[in-house]
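Undergrad: Contents are mmCIF, C-alpha atoms; file name query09.cif:
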data_upload
loop_
_atom_site.group_PDB
_atom_site.id
_atom_site.type_symbol
_atom_site.label_atom_id
_atom_site.label_comp_id
_atom_site.auth_asym_id
_atom_site.auth_seq_id
_atom_site.Cartn_x
_atom_site.Cartn_y
_atom_site.Cartn_z
ATOM 1 C CA MET A 1 5.151 -41.183 25.082
ATOM 2 C CA PRO A 2 7.447 -44.113 25.989
ATOM 3 C CA SER A 3 11.117 -43.323 26.550
ATOM 4 C CA LEU A 4 13.643 -44.776 24.109
ATOM 5 C CA LEU A 5 17.272 -45.757 24.638
ATOM 6 C CA GLY A 6 19.372 -45.976 21.488
ATOM 7 C CA ILE A 7 22.437 -48.202 21.323
ATOM 8 C CA CYS A 8 24.684 -47.952 18.282
ATOM 9 C CA GLY A 9 27.065 -50.802 17.528
ATOM 10 C CA SER A 10 29.440 -48.413 15.783
ATOM 11 C CA LEU A 11 31.555 -45.996 17.801
ATOM 12 C CA ARG A 12 32.064 -43.617 14.859
ATOM 13 C CA ASN A 13 30.020 -40.426 15.260
ATOM 14 C CA GLY A 14 29.114 -40.234 11.568
ATOM 15 C CA SER A 15 28.307 -43.917 11.106
ATOM 16 C CA PHE A 16 25.314 -44.928 9.016
ATOM 17 C CA ASN A 17 23.969 -46.888 11.984
ATOM 18 C CA ARG A 18 24.096 -43.802 14.199
ATOM 19 C CA GLN A 19 22.239 -41.912 11.454
ATOM 20 C CA LEU A 20 19.699 -44.758 11.260
ATOM 21 C CA MET A 21 19.284 -44.718 15.044
ATOM 22 C CA HIS A 22 18.628 -40.969 15.139
ATOM 23 C CA LEU A 23 16.242 -41.159 12.198
ATOM 24 C CA ALA A 24 14.261 -43.953 13.890
ATOM 25 C CA ALA A 25 14.291 -42.094 17.220
ATOM 26 C CA GLY A 26 12.823 -39.064 15.475
ATOM 27 C CA LEU A 27 9.999 -41.211 14.118
ATOM 28 C CA HIS A 28 9.451 -42.686 17.583
ATOM 29 C CA GLY A 29 9.032 -39.308 19.257
ATOM 30 C CA GLY A 30 9.260 -38.833 22.993
ATOM 31 C CA ALA A 31 12.311 -38.873 25.244
ATOM 32 C CA PHE A 32 15.474 -40.288 23.677
ATOM 33 C CA SER A 33 18.862 -41.031 25.189
ATOM 34 C CA GLU A 34 21.889 -42.786 23.764
ATOM 35 C CA GLY A 35 23.956 -45.452 25.465
ATOM 36 C CA ASP A 36 27.750 -45.262 25.389
ATOM 37 C CA LEU A 37 29.636 -48.425 24.388
ATOM 38 C CA ARG A 38 33.091 -47.027 25.151
ATOM 39 C CA LEU A 39 33.633 -49.582 27.897
ATOM 40 C CA PRO A 40 36.702 -51.515 29.032
ATOM 41 C CA LEU A 41 37.021 -55.001 27.594
ATOM 42 C CA TYR A 42 35.265 -57.510 29.790
ATOM 43 C CA ASP A 43 37.788 -59.049 32.171
ATOM 44 C CA GLY A 44 36.786 -61.220 35.116
ATOM 45 C CA ASP A 45 39.933 -60.186 36.985
ATOM 46 C CA LEU A 46 38.998 -56.499 36.582
ATOM 47 C CA GLU A 47 35.481 -57.228 37.798
ATOM 48 C CA ALA A 48 36.795 -59.179 40.805
ATOM 49 C CA ALA A 49 39.285 -56.459 41.734
ATOM 50 C CA GLU A 50 37.211 -53.327 41.054
ATOM 51 C CA GLY A 51 33.602 -54.421 40.589
ATOM 52 C CA ILE A 52 31.342 -53.253 37.784
ATOM 53 C CA PRO A 53 32.817 -50.178 36.049
ATOM 54 C CA ALA A 54 30.725 -47.015 36.429
ATOM 55 C CA ALA A 55 30.192 -46.724 32.656
ATOM 56 C CA VAL A 56 28.804 -50.276 32.545
ATOM 57 C CA GLN A 57 26.454 -49.597 35.460
ATOM 58 C CA THR A 58 25.278 -46.419 33.730
ATOM 59 C CA LEU A 59 24.436 -48.390 30.582
ATOM 60 C CA ALA A 60 22.630 -51.080 32.585
ATOM 61 C CA ASP A 61 20.652 -48.391 34.445
ATOM 62 C CA GLN A 62 19.734 -46.731 31.134
ATOM 63 C CA ILE A 63 18.461 -50.057 29.765
ATOM 64 C CA LYS A 64 16.449 -50.721 32.924
ATOM 65 C CA ALA A 65 14.908 -47.219 32.947
ATOM 66 C CA ALA A 66 13.981 -47.056 29.249
ATOM 67 C CA ASP A 67 10.533 -48.117 28.112
ATOM 68 C CA GLY A 68 12.113 -49.537 24.943
ATOM 69 C CA VAL A 69 15.546 -50.016 23.400
ATOM 70 C CA LEU A 70 16.625 -49.583 19.784
ATOM 71 C CA ILE A 71 19.885 -51.240 18.741
ATOM 72 C CA CYS A 72 21.352 -50.222 15.378
ATOM 73 C CA SER A 73 24.384 -52.235 14.408
ATOM 74 C CA PRO A 74 26.745 -52.581 11.482
ATOM 75 C CA GLU A 75 28.012 -55.952 10.379
ATOM 76 C CA TYR A 76 31.689 -56.640 11.037
ATOM 77 C CA ASN A 77 33.023 -59.820 9.449
ATOM 78 C CA GLN A 78 29.567 -61.417 9.229
ATOM 79 C CA ALA A 79 28.591 -60.749 12.855
ATOM 80 C CA LEU A 80 27.843 -58.059 15.397
ATOM 81 C CA PRO A 81 30.728 -55.717 16.290
ATOM 82 C CA GLY A 82 32.960 -56.567 19.230
ATOM 83 C CA VAL A 83 32.070 -53.367 21.114
ATOM 84 C CA LEU A 84 28.408 -54.377 21.112
ATOM 85 C CA LYS A 85 29.119 -57.948 22.241
ATOM 86 C CA ASN A 86 31.434 -56.577 24.945
ATOM 87 C CA ALA A 87 28.653 -54.285 26.203
ATOM 88 C CA LEU A 88 26.196 -57.196 26.314
ATOM 89 C CA ASP A 89 28.718 -59.280 28.263
ATOM 90 C CA TRP A 90 29.374 -56.499 30.784
ATOM 91 C CA VAL A 91 25.691 -55.644 31.288
ATOM 92 C CA SER A 92 24.962 -59.329 31.901
ATOM 93 C CA ARG A 93 27.176 -59.066 34.990
ATOM 94 C CA THR A 94 25.082 -56.294 36.596
ATOM 95 C CA GLU A 95 22.286 -56.799 39.140
ATOM 96 C CA GLY A 96 18.617 -56.611 38.297
ATOM 97 C CA ALA A 97 18.366 -58.224 34.831
ATOM 98 C CA PRO A 98 17.937 -54.928 32.918
ATOM 99 C CA TRP A 99 16.997 -56.649 29.633
ATOM 100 C CA LEU A 100 14.282 -58.882 31.124
ATOM 101 C CA ASN A 101 10.973 -58.277 29.272
ATOM 102 C CA LYS A 102 12.408 -55.080 27.772
ATOM 103 C CA PRO A 103 10.988 -54.300 24.306
ATOM 104 C CA VAL A 104 13.929 -54.191 21.867
ATOM 105 C CA ALA A 105 14.016 -53.330 18.176
ATOM 106 C CA VAL A 106 17.045 -54.205 16.049
ATOM 107 C CA MET A 107 18.056 -52.441 12.825
ATOM 108 C CA SER A 108 21.166 -52.387 10.694
ATOM 109 C CA ALA A 109 22.810 -50.469 7.907
ATOM 110 C CA ALA A 110 25.748 -51.985 6.057
ATOM 111 C CA ALA A 111 27.794 -51.642 2.913
ATOM 112 C CA GLY A 112 26.798 -55.065 1.600
ATOM 113 C CA ARG A 113 23.680 -56.091 -0.252
ATOM 114 C CA ALA A 114 22.248 -57.993 2.751
ATOM 115 C CA GLY A 115 22.107 -54.833 4.868
ATOM 116 C CA GLY A 116 23.685 -56.372 7.950
ATOM 117 C CA ALA A 117 21.420 -59.432 8.183
ATOM 118 C CA ARG A 118 24.133 -61.615 9.732
ATOM 119 C CA ALA A 119 24.869 -58.958 12.351
ATOM 120 C CA GLN A 120 21.187 -58.904 13.271
ATOM 121 C CA TYR A 121 20.962 -62.680 13.499
ATOM 122 C CA SER A 122 24.031 -62.880 15.722
ATOM 123 C CA LEU A 123 22.788 -59.976 17.859
ATOM 124 C CA ARG A 124 19.381 -61.584 18.340
ATOM 125 C CA LEU A 125 21.113 -64.812 19.359
ATOM 126 C CA CYS A 126 23.281 -62.934 21.879
ATOM 127 C CA LEU A 127 20.210 -61.208 23.363
ATOM 128 C CA THR A 128 18.285 -64.476 23.842
ATOM 129 C CA PRO A 129 19.638 -65.391 27.320
ATOM 130 C CA PHE A 130 18.570 -61.980 28.664
ATOM 131 C CA ARG A 131 14.908 -62.605 27.691
ATOM 132 C CA PRO A 132 13.953 -59.252 26.180
ATOM 133 C CA VAL A 133 10.860 -58.850 24.014
ATOM 134 C CA ILE A 134 12.427 -58.585 20.569
ATOM 135 C CA ILE A 135 10.361 -56.926 17.856
ATOM 136 C CA ASN A 136 10.572 -59.446 15.021
ATOM 137 C CA GLY A 137 9.524 -57.410 12.057
ATOM 138 C CA PRO A 138 9.491 -55.814 9.725
ATOM 139 C CA GLU A 139 13.220 -56.301 9.365
ATOM 140 C CA VAL A 140 15.162 -53.094 8.789
ATOM 141 C CA LEU A 141 18.248 -53.997 6.759
ATOM 142 C CA VAL A 142 19.594 -50.941 4.935
ATOM 143 C CA ALA A 143 21.820 -52.322 2.162
ATOM 144 C CA ALA A 144 24.492 -50.260 0.368
ATOM 145 C CA ALA A 145 24.100 -47.676 3.130
ATOM 146 C CA HIS A 146 26.626 -45.311 1.525
ATOM 147 C CA ALA A 147 24.202 -44.884 -1.407
ATOM 148 C CA GLU A 148 21.031 -44.654 0.723
ATOM 149 C CA PHE A 149 21.861 -41.943 3.261
ATOM 150 C CA GLY A 150 22.166 -38.294 2.283
ATOM 151 C CA LYS A 151 24.986 -36.148 3.612
ATOM 152 C CA ASP A 152 22.512 -34.730 6.141
ATOM 153 C CA GLY A 153 21.622 -38.191 7.482
ATOM 154 C CA SER A 154 18.346 -38.363 5.599
ATOM 155 C CA LEU A 155 17.029 -41.523 3.997
ATOM 156 C CA ALA A 156 14.887 -41.177 0.862
ATOM 157 C CA ASN A 157 14.054 -44.838 0.176
ATOM 158 C CA GLU A 158 10.342 -45.229 0.918
ATOM 159 C CA HIS A 159 10.668 -48.980 1.494
ATOM 160 C CA TYR A 160 13.174 -48.439 4.303
ATOM 161 C CA LEU A 161 11.250 -45.502 5.778
ATOM 162 C CA LYS A 162 8.053 -47.555 5.907
ATOM 163 C CA ALA A 163 9.819 -50.482 7.613
ATOM 164 C CA ILE A 164 11.500 -48.159 10.133
ATOM 165 C CA SER A 165 8.210 -46.430 10.905
ATOM 166 C CA GLU A 166 6.337 -49.731 11.354
ATOM 167 C CA THR A 167 9.080 -51.115 13.579
ATOM 168 C CA MET A 168 9.055 -48.016 15.771
ATOM 169 C CA ASP A 169 5.258 -48.196 16.044
ATOM 170 C CA LEU A 170 5.550 -51.816 17.173
ATOM 171 C CA LEU A 171 8.250 -50.891 19.686
ATOM 172 C CA LYS A 172 6.052 -48.103 21.111
ATOM 173 C CA ALA A 173 3.110 -50.492 21.370
ATOM 174 C CA ALA A 174 5.241 -53.091 23.166
ATOM 175 C CA ALA A 175 6.514 -50.445 25.594
#
Could you spell out this file's structure in structure tokens?
TA:
Amino acid sequence: MPSLLGICGSLRNGSFNRQLMHLAAGLHGGAFSEGDLRLPLYDGDLEAAEGIPAAVQTLADQIKAADGVLICSPEYNQALPGVLKNALDWVSRTEGAPWLNKPVAVMSAAAGRAGGARAQYSLRLCLTPFRPVIINGPEVLVAAAHAEFGKDGSLANEHYLKAISETMDLLKAAA
């Protein structure tokens, strides 16, 4: 079974995107680990003075070691969250091109009726220079997430569950 790294664009433990990530990881099966985006803000002066922070190198190593990566991200002001963009910027500074040819699936859960579509589009654009293998569909855009997830993190909507399952099957196949 291919190993899966989950990256959640929300830092909040109870976020809908973290719930989505864990639900998808359960459907994937196999080994699962979660990346930590609690990183310092990217700063060229910090990098020059101290090198790559240990937490950034850990994330880059996790990406490199995983057979596939799942990124679940909310939409903040019509784009990906700053913590996720910051992590992408930091990891781009590490050696070894960890994203190169890495199978990556992107999902989102958001309060709005578009389900985080703009966050996904901006995230896919930000991933482009790293040349991963992005799974292009089916799109998983959980709209009105507060009404879709149960208190236990479950998701009852068959349309979303089918799309999540198909996406995870495609990610496994690509890995």
Undergrad: Would you compute the distance between CA of Asp152 (chain A) and CA of Leu84 (chain A)? Give it in Å to one decimal.
TA: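 Answer for the CA of Asp152 (chain A) to CA of Leu84 (chain A) separation: 25.4 Å.
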Undergrad: Evaluate the PyMOL selection byres ((chain A and resi 118-132) around 9) and record the selected residues as an MDAnalysis selection string, following the chain and residue labels used in the document.
TA: chainID A and resid 72:81 84:85 88 92 97:104 106:108 114:117 133:134 141
Undergrad: Which of these residues is nearest to Asn136 (chain A), using only C-alpha atoms: A:Ala174, A:Ala49, A:Gln57, A:Asn17?
TA: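 For Asn136 (chain A), the nearest of the given residues is A:Ala174.
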Undergrad: I'd like the residues picked by the PyMOL selection byres ((chain A and resi 59) around 12) written out as a ChimeraX atom specification, using the chain letters and numbers from the file.
TA: /A:5-7,33-39,52-58,60-66,69,84,87-94,98-99
Undergrad: For this file, the PyMOL selection byres ((chain A and resi 149) around 12) selects which residues, as a PDB file with C-alpha atoms, in the coordinates of the input?
TA:
ATOM      1  CA  GLY A  14      29.114 -40.234  11.568  1.00  0.00           C
ATOM      2  CA  SER A  15      28.307 -43.917  11.106  1.00  0.00           C
ATOM      3  CA  PHE A  16      25.314 -44.928   9.016  1.00  0.00           C
ATOM      4  CA  ASN A  17      23.969 -46.888  11.984  1.00  0.00           C
ATOM      5  CA  ARG A  18      24.096 -43.802  14.199  1.00  0.00           C
ATOM      6  CA  GLN A  19      22.239 -41.912  11.454  1.00  0.00           C
ATOM      7  CA  LEU A  20      19.699 -44.758  11.260  1.00  0.00           C
ATOM      8  CA  LEU A  23      16.242 -41.159  12.198  1.00  0.00           C
ATOM      9  CA  ALA A 109      22.810 -50.469   7.907  1.00  0.00           C
ATOM     10  CA  ALA A 110      25.748 -51.985   6.057  1.00  0.00           C
ATOM     11  CA  ALA A 111      27.794 -51.642   2.913  1.00  0.00           C
ATOM     12  CA  VAL A 142      19.594 -50.941   4.935  1.00  0.00           C
ATOM     13  CA  ALA A 143      21.820 -52.322   2.162  1.00  0.00           C
ATOM     14  CA  ALA A 144      24.492 -50.260   0.368  1.00  0.00           C
ATOM     15  CA  ALA A 145      24.100 -47.676   3.130  1.00  0.00           C
ATOM     16  CA  HIS A 146      26.626 -45.311   1.525  1.00  0.00           C
ATOM     17  CA  ALA A 147      24.202 -44.884  -1.407  1.00  0.00           C
ATOM     18  CA  GLU A 148      21.031 -44.654   0.723  1.00  0.00           C
ATOM     19  CA  GLY A 150      22.166 -38.294   2.283  1.00  0.00           C
ATOM     20  CA  LYS A 151      24.986 -36.148   3.612  1.00  0.00           C
ATOM     21  CA  ASP A 152      22.512 -34.730   6.141  1.00  0.00           C
ATOM     22  CA  GLY A 153      21.622 -38.191   7.482  1.00  0.00           C
ATOM     23  CA  SER A 154      18.346 -38.363   5.599  1.00  0.00           C
ATOM     24  CA  LEU A 155      17.029 -41.523   3.997  1.00  0.00           C
ATOM     25  CA  ALA A 156      14.887 -41.177   0.862  1.00  0.00           C
ATOM     26  CA  ASN A 157      14.054 -44.838   0.176  1.00  0.00           C
ATOM     27  CA  TYR A 160      13.174 -48.439   4.303  1.00  0.00           C
ATOM     28  CA  LEU A 161      11.250 -45.502   5.778  1.00  0.00           C
TER      29      LEU A 161
END
Undergrad: Quick one: of A:Ala31, A:Ala163, A:Ala25, A:Leu170, who's nearest to Ser3 (chain A), counting all atoms listed in the file?
TA: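 With all atoms listed in the file as the atom set, the closest residue is A:Ala31.
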Undergrad: Calculated over all atoms listed in the file, which of the candidates A:Gly44, A:Met168, A:Gly96, A:Leu4 has the smallest distance to Leu27 (chain A)?
TA: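 Of A:Gly44, A:Met168, A:Gly96, A:Leu4, the one nearest Leu27 (chain A), counting all atoms listed in the file, is A:Met168.
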Undergrad: Which is closer to Leu70 (chain A) than all the others in A:Pro40, A:Gly9, A:Gly112, A:Pro138, using only C-alpha atoms?
TA: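 The closest residue to Leu70 (chain A) is A:Gly9.
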Undergrad: Calculate how many Å separate CA of Ile164 (chain A) from CA of Met21 (chain A), rounding to one decimal.
TA: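 The value is 9.8 Å.
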Undergrad: Can you work out the spacing between CA of Gly30 (chain A) and CA of Gly137 (chain A) in Å, to one decimal?
TA: 21.6 Å
Undergrad: Using all atoms listed in the file, which of A:Gly82, A:Gly51, A:Pro2, A:Gly29 sits nearest Gly68 (chain A)?
TA: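 Once distances to Gly68 (chain A) are computed over all atoms listed in the file, the minimum belongs to A:Pro2.
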Undergrad: When distances are computed from all atoms listed in the file, which of A:Ile135, A:Leu11, A:Val83, A:Asp45 shows the smallest separation from Ala173 (chain A)?
TA: A:Ile135
